[in-house]
Every structure is written in C-alpha cells, then in structure tokens.
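Chemist: Structure file my_file-v3.csv (CSV, C-alpha atoms) is given on the next line.
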```csv
chain,number,residue,atom,x,y,z
J,1,MET,CA,35.7,37.3,22.3
J,2,HIS,CA,35.7,35.4,19.0
J,3,ARG,CA,38.7,37.3,17.6
J,4,ALA,CA,40.5,37.2,20.9
J,5,LEU,CA,40.3,33.4,21.2
J,6,ARG,CA,41.1,33.0,17.5
J,7,ASN,CA,44.4,34.9,17.9
J,8,LEU,CA,45.6,32.7,20.7
J,9,ASN,CA,47.6,29.5,20.1
J,10,PRO,CA,46.2,26.2,21.4
J,11,THR,CA,48.1,26.3,24.7
J,12,GLU,CA,46.9,29.9,25.4
J,13,GLN,CA,43.4,28.9,24.5
J,14,ILE,CA,43.4,26.1,26.9
J,15,GLY,CA,44.8,28.4,29.7
J,16,ALA,CA,42.1,31.0,29.0
J,17,LEU,CA,39.3,28.5,28.9
J,18,PHE,CA,40.6,26.9,32.1
J,19,ILE,CA,40.5,30.2,33.9
J,20,ILE,CA,37.1,31.2,32.5
J,21,VAL,CA,35.3,27.9,33.1
J,22,PHE,CA,36.7,26.9,36.5
J,23,GLY,CA,36.4,30.5,37.6
J,24,LEU,CA,32.7,30.5,36.8
J,25,LEU,CA,32.2,27.2,38.6
J,26,MET,CA,34.0,28.5,41.7
J,27,VAL,CA,31.9,31.7,41.6
J,28,GLY,CA,28.8,29.5,41.4
J,29,GLY,CA,29.9,27.4,44.3
J,30,LEU,CA,30.6,30.5,46.4
J,31,VAL,CA,27.1,31.9,45.6
J,32,ILE,CA,25.5,28.7,46.7
J,33,PHE,CA,27.6,28.7,49.9
J,34,LEU,CA,26.6,32.2,50.8
J,35,ARG,CA,22.9,31.5,50.1
J,36,SER,CA,23.1,28.4,52.4
J,37,MET,CA,24.0,30.7,55.3
J,38,ARG,CA,20.7,32.5,55.1
J,39,GLU,CA,18.2,31.7,57.8
J,40,PHE,CA,14.4,31.7,57.8
J,41,ASP,CA,12.0,32.0,60.7
J,42,ASP,CA,9.3,30.3,58.8
J,43,PRO,CA,10.0,26.5,58.6
J,44,GLN,CA,8.2,26.1,55.3
J,45,GLN,CA,10.3,28.9,53.7
J,46,GLY,CA,13.4,27.3,55.1
J,47,ALA,CA,12.5,23.9,53.6
J,48,GLN,CA,11.8,25.5,50.2
J,49,HIS,CA,15.1,27.3,50.4
J,50,ARG,CA,17.0,24.1,51.2
J,51,ASP,CA,15.3,22.3,48.3
J,52,GLU,CA,16.3,25.1,45.9
J,53,LEU,CA,19.9,24.9,47.2
J,54,ASP,CA,19.9,21.1,46.7
J,55,ARG,CA,18.8,21.6,43.1
J,56,LEU,CA,21.4,24.2,42.5
J,57,THR,CA,24.1,22.1,44.1
J,58,GLN,CA,23.1,19.1,41.8
J,59,LEU,CA,23.4,21.4,38.8
J,60,LEU,CA,26.8,22.6,39.9
J,61,LYS,CA,28.0,19.0,40.5
J,62,THR,CA,26.9,18.0,37.0
J,63,SER,CA,28.8,21.0,35.5
J,64,TRP,CA,31.9,20.1,37.5
J,65,LEU,CA,31.6,16.5,36.4
J,66,LEU,CA,31.3,17.3,32.7
J,67,VAL,CA,34.1,19.8,32.7
J,68,PHE,CA,36.3,17.4,34.7
J,69,VAL,CA,35.6,14.6,32.2
J,70,PHE,CA,36.6,16.9,29.4
J,71,TRP,CA,39.9,17.8,31.0
J,72,LEU,CA,40.7,14.1,31.7
J,73,ALA,CA,39.9,13.4,28.0
J,74,TRP,CA,42.1,16.2,26.9
J,75,LEU,CA,45.1,15.0,29.0
J,76,ALA,CA,44.6,11.3,28.3
J,77,GLY,CA,45.8,9.5,25.2
J,78,ASP,CA,43.6,8.2,22.5
J,79,ILE,CA,43.0,4.8,24.1
J,80,SER,CA,42.5,6.2,27.6
J,81,ARG,CA,40.0,8.8,26.2
J,82,LEU,CA,37.9,6.1,24.5
J,83,VAL,CA,38.0,4.0,27.7
J,84,LEU,CA,36.8,7.0,29.7
J,85,PHE,CA,33.7,7.5,27.5
J,86,ALA,CA,33.1,3.8,27.2
J,87,LEU,CA,32.9,3.6,31.0
J,88,GLY,CA,30.4,6.4,30.9
J,89,SER,CA,28.3,4.5,28.4
J,90,PHE,CA,28.6,1.3,30.6
J,91,PHE,CA,27.3,2.9,33.8
J,92,ALA,CA,24.6,4.9,31.9
J,93,LEU,CA,23.3,1.8,30.2
J,94,ARG,CA,23.3,-0.1,33.6
J,95,GLU,CA,21.2,2.7,35.1
J,96,PHE,CA,18.8,2.8,32.2
J,97,LEU,CA,18.2,-1.0,32.3
J,98,THR,CA,17.4,-0.9,36.1
J,99,LEU,CA,14.3,1.1,35.2
J,100,SER,CA,12.6,-2.2,34.1
J,101,PRO,CA,12.9,-5.8,35.2
J,102,THR,CA,14.5,-8.3,32.9
J,103,ARG,CA,13.7,-11.9,32.3
J,104,HIS,CA,15.9,-14.9,31.9
J,105,GLY,CA,15.5,-14.7,28.1
J,106,ASP,CA,17.2,-11.3,28.1
J,107,HIS,CA,20.5,-12.5,29.6
J,108,ARG,CA,22.1,-13.3,26.3
J,109,SER,CA,21.0,-9.9,24.8
J,110,LEU,CA,22.4,-8.1,27.9
J,111,VAL,CA,25.8,-9.9,27.6
J,112,LEU,CA,25.8,-8.9,23.9
J,113,ALA,CA,25.0,-5.3,24.7
J,114,PHE,CA,27.6,-4.8,27.5
J,115,PHE,CA,30.5,-6.9,26.4
J,116,VAL,CA,30.2,-7.0,22.6
J,117,ILE,CA,28.3,-4.1,21.2
J,118,LEU,CA,29.7,-1.5,23.6
J,119,PRO,CA,33.4,-2.3,23.0
J,120,CYS,CA,32.8,-2.8,19.2
J,121,GLN,CA,31.2,0.6,18.9
J,122,TYR,CA,34.1,2.3,20.6
J,123,TRP,CA,36.7,0.3,18.7
J,124,LEU,CA,35.1,1.5,15.5
J,125,VAL,CA,35.3,5.1,16.7
J,126,GLY,CA,38.9,4.6,17.9
J,127,THR,CA,40.0,3.1,14.5
J,128,GLY,CA,38.3,5.9,12.6
J,129,GLN,CA,35.8,3.6,10.9
J,130,VAL,CA,33.3,6.5,10.4
J,131,ALA,CA,31.2,4.8,7.7
J,132,LEU,CA,30.7,1.7,9.9
J,133,PHE,CA,30.3,3.1,13.3
J,134,THR,CA,27.5,5.3,12.1
J,135,VAL,CA,25.4,2.3,11.0
J,136,PHE,CA,26.7,-0.5,13.3
J,137,ILE,CA,24.0,0.0,16.0
J,138,PRO,CA,21.1,1.3,14.0
J,139,VAL,CA,21.4,-1.4,11.3
J,140,TYR,CA,23.3,-4.5,12.5
J,141,VAL,CA,22.6,-4.4,16.2
J,142,PHE,CA,18.9,-3.5,15.5
J,143,LEU,CA,18.6,-7.0,13.8
J,144,ALA,CA,21.1,-8.9,16.1
J,145,LEU,CA,19.4,-8.1,19.4
J,146,PRO,CA,15.9,-9.5,18.6
J,147,VAL,CA,17.5,-12.6,16.9
J,148,THR,CA,19.5,-13.2,20.1
J,149,SER,CA,16.4,-12.7,22.2
J,150,VAL,CA,14.2,-15.0,20.1
J,151,LEU,CA,16.7,-17.8,20.3
J,152,ALA,CA,16.1,-17.7,24.1
J,153,ASN,CA,12.6,-19.1,23.5
J,154,ASP,CA,10.8,-16.5,25.6
J,155,PRO,CA,8.0,-14.7,23.8
J,156,LYS,CA,6.5,-12.9,26.9
J,157,GLN,CA,6.7,-9.1,26.5
J,158,PHE,CA,9.1,-9.7,23.6
J,159,LEU,CA,8.5,-6.4,21.9
J,160,GLU,CA,8.7,-4.3,25.1
J,161,ARG,CA,11.9,-6.1,26.3
J,162,ASN,CA,13.7,-5.6,23.0
J,163,ALA,CA,12.5,-2.1,22.5
J,164,LYS,CA,13.8,-1.1,26.0
J,165,LEU,CA,17.2,-2.6,25.4
J,166,GLN,CA,17.5,-1.0,21.9
J,167,TRP,CA,16.5,2.4,23.3
J,168,GLY,CA,19.2,2.0,26.0
J,169,ILE,CA,21.9,1.1,23.5
J,170,MET,CA,20.9,3.9,21.2
J,171,VAL,CA,21.0,6.6,23.9
J,172,CYS,CA,23.8,5.4,26.2
J,173,ILE,CA,26.2,3.8,23.7
J,174,TYR,CA,25.4,5.2,20.2
J,175,GLY,CA,24.7,8.7,21.5
J,176,MET,CA,27.7,8.9,23.9
J,177,SER,CA,30.1,7.4,21.4
J,178,HIS,CA,29.6,10.5,19.2
J,179,VAL,CA,31.3,12.7,21.7
J,180,PRO,CA,34.8,11.2,21.1
J,181,ALA,CA,33.8,10.8,17.5
J,182,LEU,CA,34.1,14.6,17.1
J,183,LEU,CA,37.9,14.0,17.1
J,184,LEU,CA,37.5,12.3,13.7
J,185,LEU,CA,36.1,15.3,11.9
J,186,LYS,CA,38.7,16.7,9.6
J,187,PHE,CA,38.2,20.5,9.2
J,188,PRO,CA,40.6,22.4,7.0
J,189,HIS,CA,43.3,24.3,8.9
J,190,TYR,CA,42.1,22.8,12.2
J,191,ASN,CA,44.7,20.1,12.8
J,192,HIS,CA,45.0,18.5,16.3
J,193,LYS,CA,42.5,20.8,17.8
J,194,ASN,CA,39.3,18.7,17.6
J,195,ALA,CA,39.3,18.3,21.4
J,196,PHE,CA,38.0,21.9,21.5
J,197,LEU,CA,34.9,20.7,19.8
J,198,VAL,CA,34.2,18.4,22.7
J,199,LEU,CA,34.6,21.2,25.2
J,200,PHE,CA,32.5,23.4,22.9
J,201,LEU,CA,29.6,20.9,22.9
J,202,VAL,CA,29.7,20.3,26.6
J,203,LEU,CA,29.7,24.0,27.5
J,204,VAL,CA,26.9,24.9,25.1
J,205,VAL,CA,24.6,22.1,26.1
J,206,GLN,CA,25.3,22.6,29.8
J,207,THR,CA,24.7,26.3,29.5
J,208,CYS,CA,21.3,25.6,27.9
J,209,MET,CA,20.3,23.1,30.6
J,210,VAL,CA,21.4,25.2,33.6
J,211,THR,CA,19.7,28.4,32.2
J,212,GLN,CA,16.5,26.5,31.5
J,213,HIS,CA,16.5,25.1,35.0
J,214,LEU,CA,17.1,28.4,36.7
J,215,VAL,CA,14.6,30.3,34.6
J,216,SER,CA,12.0,27.5,35.1
J,217,HIS,CA,12.4,27.6,38.8
J,218,ARG,CA,11.9,31.3,38.9
J,219,LEU,CA,8.8,31.1,36.7
J,220,MET,CA,7.4,28.4,38.9
J,221,GLN,CA,7.8,30.7,41.9
J,222,LEU,CA,5.8,33.3,39.9
J,223,GLY,CA,3.0,30.8,39.4
J,224,LYS,CA,3.7,29.7,35.8
J,225,ARG,CA,2.4,26.2,35.0
J,226,PRO,CA,4.5,23.5,33.3
J,227,ALA,CA,3.8,22.7,29.7
J,228,VAL,CA,3.7,18.9,30.3
J,229,PRO,CA,3.0,18.4,34.0
J,230,ALA,CA,2.5,14.6,33.7
J,231,ILE,CA,6.1,14.3,32.5
J,232,SER,CA,8.0,17.2,34.0
J,233,GLN,CA,7.0,19.8,36.6
J,234,SER,CA,9.8,22.1,35.5
J,235,PHE,CA,9.4,22.2,31.7
J,236,ILE,CA,8.1,25.7,30.7
J,237,TRP,CA,8.3,26.9,27.2
J,238,ARG,CA,9.6,30.4,28.2
J,239,ALA,CA,12.3,28.7,30.2
J,240,TRP,CA,13.1,26.5,27.3
J,241,ARG,CA,13.5,29.4,25.0
J,242,ALA,CA,15.7,31.2,27.5
J,243,GLY,CA,18.0,28.1,27.7
J,244,MET,CA,18.1,27.9,23.9
J,245,ALA,CA,19.1,31.5,23.6
J,246,ALA,CA,21.8,31.2,26.3
J,247,GLY,CA,23.3,28.1,24.8
J,248,SER,CA,23.3,29.5,21.3
J,249,LEU,CA,24.9,32.7,22.4
J,250,MET,CA,27.5,30.8,24.4
J,251,GLY,CA,28.3,28.9,21.2
J,252,ALA,CA,28.7,32.1,19.2
J,253,LEU,CA,31.0,33.5,21.9
J,254,LEU,CA,33.2,30.3,21.9
J,255,SER,CA,33.4,30.2,18.1
J,256,GLY,CA,37.1,31.3,18.4
J,257,ILE,CA,38.1,27.8,19.6
J,258,THR,CA,36.2,26.1,16.8
J,259,PRO,CA,36.5,26.0,13.0
J,260,PHE,CA,33.2,27.9,12.8
J,261,VAL,CA,32.5,31.6,12.3
J,262,PRO,CA,30.1,33.0,14.9
J,263,GLY,CA,27.0,32.5,12.7
J,264,GLN,CA,27.8,28.9,12.1
J,265,ALA,CA,28.6,28.3,15.8
J,266,PHE,CA,25.3,29.9,16.8
J,267,ALA,CA,23.3,27.7,14.4
J,268,LEU,CA,25.1,24.5,15.4
J,269,SER,CA,24.7,25.4,19.1
J,270,PHE,CA,21.0,26.0,18.5
J,271,ILE,CA,20.6,22.5,17.0
J,272,ALA,CA,22.6,20.9,19.7
J,273,CYS,CA,20.7,22.6,22.5
J,274,ALA,CA,17.4,21.7,20.9
J,275,ALA,CA,18.4,18.0,20.7
J,276,GLY,CA,19.8,18.0,24.2
J,277,SER,CA,16.9,19.7,25.9
J,278,MET,CA,14.3,17.7,24.2
J,279,GLY,CA,16.2,14.5,24.7
J,280,HIS,CA,16.3,15.3,28.4
J,281,LEU,CA,12.6,15.7,28.4
J,282,VAL,CA,12.2,12.3,26.6
J,283,MET,CA,14.3,10.6,29.2
J,284,LYS,CA,12.0,12.1,31.9
J,285,ALA,CA,9.0,10.6,30.0
J,286,LEU,CA,10.7,7.2,30.0
J,287,LYS,CA,11.3,7.4,33.8
J,288,ARG,CA,7.7,8.3,34.4
J,289,ASP,CA,6.6,5.4,32.2
J,290,ARG,CA,8.6,3.0,34.4
J,291,GLY,CA,7.1,4.5,37.6
J,292,VAL,CA,10.1,6.5,38.7
J,293,PRO,CA,8.9,9.4,40.9
J,294,MET,CA,9.8,12.9,40.2
J,295,TRP,CA,13.0,13.9,42.0
J,296,ARG,CA,12.8,16.8,44.3
J,297,GLY,CA,16.1,17.2,46.0
J,298,GLN,CA,16.8,13.5,46.6
J,299,ARG,CA,20.5,13.0,47.4
J,300,THR,CA,20.8,9.6,45.7
J,301,ALA,CA,19.8,8.2,42.4
J,302,VAL,CA,16.5,6.4,42.5
J,303,THR,CA,17.8,3.6,40.3
J,304,GLY,CA,20.8,3.0,42.6
J,305,ALA,CA,23.2,3.3,39.7
J,306,GLY,CA,24.9,6.6,40.6
J,307,GLY,CA,22.6,9.0,38.6
J,308,MET,CA,24.9,8.8,35.5
J,309,LEU,CA,22.0,9.5,33.1
J,310,ASP,CA,21.1,12.6,35.0
J,311,HIS,CA,24.5,14.0,34.1
J,312,ILE,CA,24.8,13.0,30.5
J,313,ASP,CA,21.3,12.4,29.0
J,314,ALA,CA,21.2,15.8,27.2
J,315,LEU,CA,24.7,15.2,25.9
J,316,CYS,CA,23.8,11.8,24.6
J,317,PHE,CA,21.1,13.2,22.4
J,318,ALA,CA,23.0,16.4,21.4
J,319,ALA,CA,26.3,14.7,20.3
J,320,PRO,CA,25.1,12.7,17.3
J,321,VAL,CA,22.9,15.5,16.0
J,322,PHE,CA,25.8,18.0,16.4
J,323,PHE,CA,28.2,15.5,14.7
J,324,TYR,CA,26.1,14.8,11.7
J,325,SER,CA,25.0,18.4,11.3
J,326,ALA,CA,28.6,19.6,11.2
J,327,ARG,CA,29.6,16.7,8.9
J,328,TRP,CA,26.7,17.5,6.5
J,329,TYR,CA,27.1,21.2,6.4
J,330,PHE,CA,30.9,21.2,5.9
J,331,LYS,CA,30.8,18.1,3.6
J,332,LEU,CA,33.4,16.2,5.8
```
Can I see the file as structure tokens?

Modeler:
Amino acid sequence: MHRALRNLNPTEQIGALFIIVFGLLMVGGLVIFLRSMREFDDPQQGAQHRDELDRLTQLLKTSWLLVFVFWLAWLAGDISRLVLFALGSFFALREFLTLSPTRHGDHRSLVLAFFVILPCQYWLVGTGQVALFTVFIPVYVFLALPVTSVLANDPKQFLERNAKLQWGIMVCIYGMSHVPALLLLKFPHYNHKNAFLVLFLVLVVQTCMVTQHLVSHRLMQLGKRPAVPAISQSFIWRAWRAGMAAGSLMGALLSGITPFVPGQAFALSFIACAAGSMGHLVMKALKRDRGVPMWRGQRTAVTGAGGMLDHIDALCFAAPVFFYSARWYFKL
C-alpha cells in the first residue's frame, strides 16, 4: 500500500483516500443498521444491545465529523481553514469551562481567552510565526492570565480558577492549533502536500480510539476489569495496547501519502496514539473531578455545549506531540 500510494499523484491520492475512508465509514454505518434490526426476547439483553449500538453510533458520528472537517479544510483556502479550526477551539473551550462555575473576577480573563488569545494564536499560525506561536501560550499567556485575574481583586479560589482556565487554553487552543500548524512543516520534496499530514494524523488517532473502544467493550463483556475504574469504566490495558497497535499499523500503511518511510510513519503514529489515548483519559479524569457522571449512551452532551471535546480531545493532545516529534526528528 505504501508503494501504491507513493506512485500516485496528489489528485489520485485524494481520490483513492476518499473511496477508502468514506467506503469504510459507509460499511460501518451499514453494519450498525443491520445490527439495529436484531430483536431480543429478554428486555435486559435488548437494553444492553441498544446501549452498545448507541456507543457505536457515537463513534461513527465522531469519525464522520473528523473526516468531514478534514475535507472542508482541504477544500477551503488558508484563511477559511484557520477559521474552521479556530471555531473548533472556541466551542471546545466553551464546553471545557462549563465544567466549573466562574466568578465575577474571571470575566476579564475569559474575555482575554476567547477574544484575544484564541485569535492571536491562530493568527501566528496563519502567518507562519513558528518560533512565536510555540511559546505564546505556554510563556506569555501563562503570565498574562493570572495578572489579569489578580487585578480583578478576587483572591477566592485564585489558584483553582486560573489553573482551570490555563488548562482549557492549553488543550483547546494550543493543542488544536497544532493541527493546521502541520501545514507549516517544510519537508524536502513534499511541496503543497502537507494537508495529507492532517488527514494522516486524524485517521491514525481515530483508528486507535475506535479500536480501543471496541476491544474494551468486548473485554468488559468477558468480565475484564478496568485499570482505573474511578476514572474510566472502559480503560483496559489490553484494549489500549490493541488500539496502539492498530493506530501504528494504520500509520505505516498510510506512509505513502506522507514524507515518511513506513518505519518512521509507524513510530510517529505510535507517539501520536500514545499522546491521544492518554490525553483522552486525562480529560475523563478532569470531568470526574468536576462531578460529571460517566456517560452511558446519553444522546446529549452533559455540559450542554455540543460535546465538542468528546470529538477532539484525543486530537488536541496528539497534534502538538506529533508536530514537535516530526520537527525534531527531521530537523525542520
């Protein structure tokens, strides 16, 4: 597959990937539809079956959303592409901040986060200021936020409030901004093809997460216990290893659309999958800390903000790790 994809021109590669990716998604939808027609005499088995279908449907919707966003980003111009990812950051940060109440003293910091920090970060990405956008939030914003908050003269829960906001900015803005930042990496003999890196990262991370979920669900049916039950009822080490293997192998198979050879693609995919899967677990821990119940087939987001973080949390953690790993290894 590596050699076959490598021998195609960019237009042919797009066509082949379109057929493969959307074909797999349609097959997945057909399988879920056929399984939904199955009937059970036992009401308890029927309820468990419906819960399983709800989880599978949510996974499929997430996959459709991520792939659809990629194709929109591919078709859009540079400005439209940045606006698309910036909107994703905006809604993800809004959802993150609904997990904790805010005080009047946080209003200035919230305005700064949504209407100054977010557009500035994406402006730095859009103008190719790599040296600055990599340190803008971890260095400058890290100091600016508590200064803004302390001037509001409200010391109550000062550390908790600022830590929460800084966490949200790092994950939802800093992490997500590294997805379009992949377009800035200048690999030799890889001109005007960096959008494939975005698709590569999305497919690799999503393959890892879907595989981990499916294997975990099967192991739970067999009586396997979760590794961290207070945080996640579905995180099992064997399932995690299966997801890591599936995502890494997917990366090696897709190396033909990247500047990497299969071994390099496998290693970078492994790193991205590790960051994404562990980041997803970290986000679950944050939700549990804020008292958000474990979601079992709920149809709406508990935070009321559309469930954006459910779709992109793994990608937000994987993107910067993938970006800097590739930049360091290839000395870009």

Chemist: Give me the residues within 12 Å of stretch 103-106 of chain J as a PyMOL selection string, counting only C-alpha atoms and dropping any in the same chain fewer than 4 places off.

Modeler: chain J and resi 97+110-113+145-165

Chemist: How far is it from atom CA of J:Trp123 to atom CA of J:Ser63, in Å with one decimal?

Modeler: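 These two atoms are separated by 27.8 Å.
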
Chemist: Could you list as a list in words every residue that has an atom within 7 Å of (26.4, 9.4, 31.5), using the file's coordinates and counting all atoms listed in the file?

Modeler: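 I get Gly88, Ser89, Phe91, Ala92, Met308, Leu309, His311, Ile312 and Asp313 of chain J for the residues within 7 Å of that point.
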
Chemist: Using all atoms listed in the file, which residue out of J:Pro259, J:Gly243, J:Pro119, J:Pro138 lies closest to J:Leu185?

Modeler: J:Pro259

Chemist: Hey, what's within 12 Å of J:Val31 if we count all atoms listed in the file and toss same-chain stuff fewer than 6 positions away? As a list in words, please?

Modeler: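 Answer for this query is Leu24, Leu25, Met37, Arg38, Leu53, Leu56, Thr57 and Leu60 of chain J.
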
Chemist: Take the residues from that selection and put them in a file with C-alpha atoms, as a PDB file, in the coordinates of the input.

Modeler:
```pdb
ATOM      1  CA  LEU J  24      32.700  30.500  36.800  1.00  0.00           C
ATOM      2  CA  LEU J  25      32.200  27.200  38.600  1.00  0.00           C
ATOM      3  CA  MET J  37      24.000  30.700  55.300  1.00  0.00           C
ATOM      4  CA  ARG J  38      20.700  32.500  55.100  1.00  0.00           C
ATOM      5  CA  LEU J  53      19.900  24.900  47.200  1.00  0.00           C
ATOM      6  CA  LEU J  56      21.400  24.200  42.500  1.00  0.00           C
ATOM      7  CA  THR J  57      24.100  22.100  44.100  1.00  0.00           C
ATOM      8  CA  LEU J  60      26.800  22.600  39.900  1.00  0.00           C
TER       9      LEU J  60
END
```

Chemist: List the neighbours of J:Met250 out to 6 Å using all atoms listed in the file; skip same-chain residues closer than 3 positions along the sequence, and give me the result as a ChimeraX atom specification.

Modeler: /J:204,247,253
